[in-house]
Each structure stands twice: as structure tokens, then as C-alpha cells.
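Engineer: Quick one: the structure is below, and I'll ask about it shortly.
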Amino acid sequence: MSVEQWGLRVPARDGETIRQALIREGALDPMLKVLRDGSDLILPLNGPREGAGLYSFEAHPGREPLPRHELVGGIAILQDNDPAGAEKILASRPSLHTAVYAQGEVTGEYRTREFTILAGAPTTRTEVIEHGHHFTVDLAGAYFSARLSTERQRIAKQVQEGEVILDMFAGVGPFAIALSGRASLVVACDLNPQAVVLMLENCRINRVENILPVVADSRRLAEVLSWRFDRIIMNLPLSGTEFLPEAFRLCRPGGIIHFYSLVSSEGEHTARICELRGELIAERVVRSYSPAQWHAVYDIRVL
Ligand code: SAM
């Protein structure tokens, strides 16, 4: 029986190492067989992640495939309202405490979704471990996506000792906490008070003391902060463009802005960046969103 599921294409020579890492993370779908395609392997995943695509997999004989779902900490998020499937998922993995159905898309200024509890403990709160950091998240109360964990590590490696960083759309603080190691200060702003309460808790859990959480509209930051930042994170992919002038005002000359945006063509924002007196260092695809659109990150130096 073949099943459509998310898969990660890897060179066959690295396949076993990556497979073991995915098992440790609880991200490998144990019900499906690994695919071989030339010199690559395609490893079946429980849900989407950076670099993954949809493939047709064969189920292991005797193992019934699980409904498609995504894992966030101890919660499985199903794409269908399938209580029986939810029970099967919980039974297959002791580390999970809850299975939910995500009703509709991420919406509103807070970028949250509504969930129906299908099985397990009646909560949308869970703990996520990402590269040694622990995050308490509440899926219904504040945005969180594990799909940007590689991005956070990429940027963390670029941070220089003593940098003053601004995260304009910080959510529960995953970027701010990941970047706080070498920074002297990270100002982490979000409009959603519930996100900022969780961020405070996450700072405490991770013993991070150089983050300044702010509940505010990022449009107003330049009016109240006289600082100029060395680095700015802008992760509001659907409407971040309107905040670009604000980010340029808040960044020092020579400083870096990491601007995430949903785009449908390469170079979509290049002209606007030049107009604002920015130099485009790099434009990368972070993940695909639909056949014609993808999330891109623009690394920009302010001139
Ligand atoms: N950076 C976080 C992450 O990676 O998990 C959260 C990103 S989420 C896509 C965008 C966040 O921006 C949400 O938490 C939302 O509440 C916040 N937001 C939306 N509009 C805002 C505004 N005008 N000022 C500050 N935060 C805003």
C-alpha cells in the first residue's frame, strides 16, 4: 500500500546518520519504508520540515501507516478531524501527550490557529527542545513553528560577541533565545501579550538574562527606542514588507537585517531593499509554501 507523506532527500552515504538523528528527534515515520532514488535516500517523516517534500512511500508489511501529522513537542497536529487516527498516533509514540486537529490556517495579527483536541490530555501547551534550548509553547495562544530551527542556528553562528539585537516579531522567543549566547542584549518585541508571557517563562527555563521582552507594536519601536541595533530579525512573512522602513530606521549603518517573506519570484524585494539603502547580501529559500510561493529570507546590510 502506498501513502503520500513528507520525506527528506539525503545522500545515501549520510542516510544512516541522518536516519538515527531523526529517530532521536521522533521525526522519522516508522510505519513507512525508506525510498531509494539513484544515489539519494528519501527518509519518511512525521510531518513537514525544512528541505522536505511530499513523496509516495510504501508501508512496512504489518505496520499500518499513521494519518499525516506534524509534531510540536508532545503534540501531534493532524490535518484531518480523525479521532481514531489520533488514538493510533498517541499509541505509537509514548512521548506524545495530545493529538489535535488544526482548524484552518494561521490567522490574525497574532498568527494563531484554532485547534480541536482529538485524543490525550486536553491541552495545547507543550515543551519543545530545539538545539539544547527548551521552549514552553501554547499552540492556540501564540505562534510557534519548529520548521525554522535550522534558520535560527544559521543566524546564531553569524552573531558576533557583544551584538545588540532586535527581534521585531519575537513570539515565544525562539530566535531571541537562540541568538542570545554571544549577544550583549536582545530586545524581543511582540504584539501578543500571551506570547510575551511565554517568552518570559522561556528566558527563565533557559537561564537567559540578556533578553528584554517588550509587548508593543513594532511600528512604534523607533519612536520609543533611541538605540540602533547591530542585527534585526523580521519574521512576519505575510506582511513584513510594510515594516522594512522601520527596520532600516532601527538598524545601524553596517548592521544586518534578516527579513523573512512569502514570495512568488526570486528578487521580489530587491528593488525595495536598494531604495531603502540596503545591500542584499543573500536571498535564500527557507521552505516551500505552495507550488507557486515559498518562504525566502533576505540577508541585508544597511548602508
Ligand atoms: N519569531 C517567532 C517565531 O519564529 O516563532 C514568531 C513569528 S510569527 C510568524 C509573527 C509574530 O509577530 C506573532 O507572534 C505576532 O503576534 C507578532 N506580530 C504581528 N504583528 C506585530 C506587530 N505589529 N508588532 C509586533 N509583533 C507583531
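Chain lettering (A, B, ...) mirrors the order of the C-alpha cells, residue numbering begins at 1 for each chain separately, and ligand numbering begins at 1 in order of display.
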Give me, as a tab-separated table, the closest atom pair and its distance (Å, one decimal) for every residue of chain A within a cut-off of 7 Å of ligand 1, counting only C-alpha atoms and all ligand atoms, rows sorted by chain and rising number.
Structural biologist:
residue	atom	partner	partner_atom_place_in_ligand_line	distance
A:Glu109	CA	ligand 1	19 (C)	4.7
A:Tyr110	CA	ligand 1	16 (O)	3.4
A:Arg111	CA	ligand 1	13 (C)	5.4
A:Ala142	CA	ligand 1	14 (O)	5.9
A:Tyr143	CA	ligand 1	14 (O)	5.1
A:Phe144	CA	ligand 1	5 (O)	4.2
A:Ser145	CA	ligand 1	5 (O)	5.4
A:Leu148	CA	ligand 1	4 (O)	6.6
A:Met168	CA	ligand 1	25 (C)	5.9
A:Phe169	CA	ligand 1	12 (O)	3.8
A:Ala170	CA	ligand 1	1 (N)	4.1
A:Gly171	CA	ligand 1	14 (O)	3.7
A:Val172	CA	ligand 1	5 (O)	6.3
A:Gly173	CA	ligand 1	2 (C)	6.3
A:Pro174	CA	ligand 1	5 (O)	5.8
A:Phe175	CA	ligand 1	1 (N)	6.0
A:Cys189	CA	ligand 1	25 (C)	5.7
A:Asp190	CA	ligand 1	26 (N)	3.6
A:Leu191	CA	ligand 1	26 (N)	4.0
A:Asn192	CA	ligand 1	16 (O)	4.5
A:Ala195	CA	ligand 1	14 (O)	6.3
A:Ala216	CA	ligand 1	25 (C)	5.7
A:Asp217	CA	ligand 1	24 (N)	3.5
A:Ser218	CA	ligand 1	24 (N)	3.9
A:Arg219	CA	ligand 1	23 (N)	6.0
A:Asn235	CA	ligand 1	1 (N)	5.1
A:Leu236	CA	ligand 1	9 (C)	4.6
A:Pro237	CA	ligand 1	9 (C)	6.4
Engineer: Include C-alpha atoms and write out the residues we just selected as a short mmCIF file (atom, residue, chain, number, x, y, z; two decimals), in the first residue's frame.
Structural biologist:
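As a result, result.cif now contains:
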data_model
loop_
_atom_site.label_atom_id
_atom_site.label_comp_id
_atom_site.auth_asym_id
_atom_site.auth_seq_id
_atom_site.Cartn_x
_atom_site.Cartn_y
_atom_site.Cartn_z
CA GLU A 109 -2.24 39.67 13.87
CA TYR A 110 -1.12 37.10 16.43
CA ARG A 111 -0.70 34.44 13.70
CA ALA A 142 0.90 32.17 20.44
CA TYR A 143 2.66 31.33 17.18
CA PHE A 144 5.41 28.72 17.22
CA SER A 145 6.92 26.75 14.36
CA LEU A 148 12.74 27.44 11.39
CA MET A 168 10.69 42.64 15.87
CA PHE A 169 8.19 39.73 15.85
CA ALA A 170 9.58 37.52 18.59
CA GLY A 171 6.65 35.21 19.51
CA VAL A 172 7.59 32.97 22.45
CA GLY A 173 11.26 33.85 21.89
CA PRO A 174 12.87 31.03 19.84
CA PHE A 175 15.04 33.39 17.72
CA CYS A 189 9.11 42.54 20.77
CA ASP A 190 5.66 41.05 20.16
CA LEU A 191 2.14 42.43 19.97
CA ASN A 192 0.63 39.32 21.60
CA ALA A 195 3.46 35.23 23.56
CA ALA A 216 4.44 46.52 21.61
CA ASP A 217 3.58 47.17 18.01
CA SER A 218 6.91 47.09 16.16
CA ARG A 219 5.72 50.05 14.05
CA ASN A 235 9.90 37.06 10.93
CA LEU A 236 6.42 38.11 9.82
CA PRO A 237 6.43 36.55 6.35
#
Engineer: From a DSSP calculation on the backbone, collect every residue of range 139-242 of chain A in strand (DSSP E or B) and output the set as a PyMOL selection string.
Structural biologist: chain A and resi 164-167+185-190+211-215+229-235
Engineer: List as a ChimeraX atom specification the protein and nucleic acid residues near Leu22 in chain A, meaning an atom at most 12 Å away when only C-alpha atoms are counted, but skip any in the same chain fewer than 2 places from it.
Structural biologist: /A:7-8,15-20,24-30,43-47,49
Engineer: Give one line per residue of range 105-202 of chain A that approaches range 278-286 of chain A to at most 10 Å, naming the two atoms of the closest pair and their distance in Å to one decimal, counting only C-alpha atoms; sort by chain then ascending residue number and deliver it as a tab-separated table.
Structural biologist:
residue	atom	partner	partner_atom	distance
A:Arg147	CA	A:Val286	CA	9.1
A:Leu148	CA	A:Val286	CA	8.0
A:Thr150	CA	A:Val286	CA	9.3
A:Glu151	CA	A:Val286	CA	7.7
Engineer: With distances taken over only C-alpha atoms, which residue among A:Val137, A:Pro48, A:Gly73, A:Pro67 lies nearest Glu87 in chain A?
Structural biologist: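 That would be A:Pro67, the residue with the smallest distance to Glu87 in chain A.
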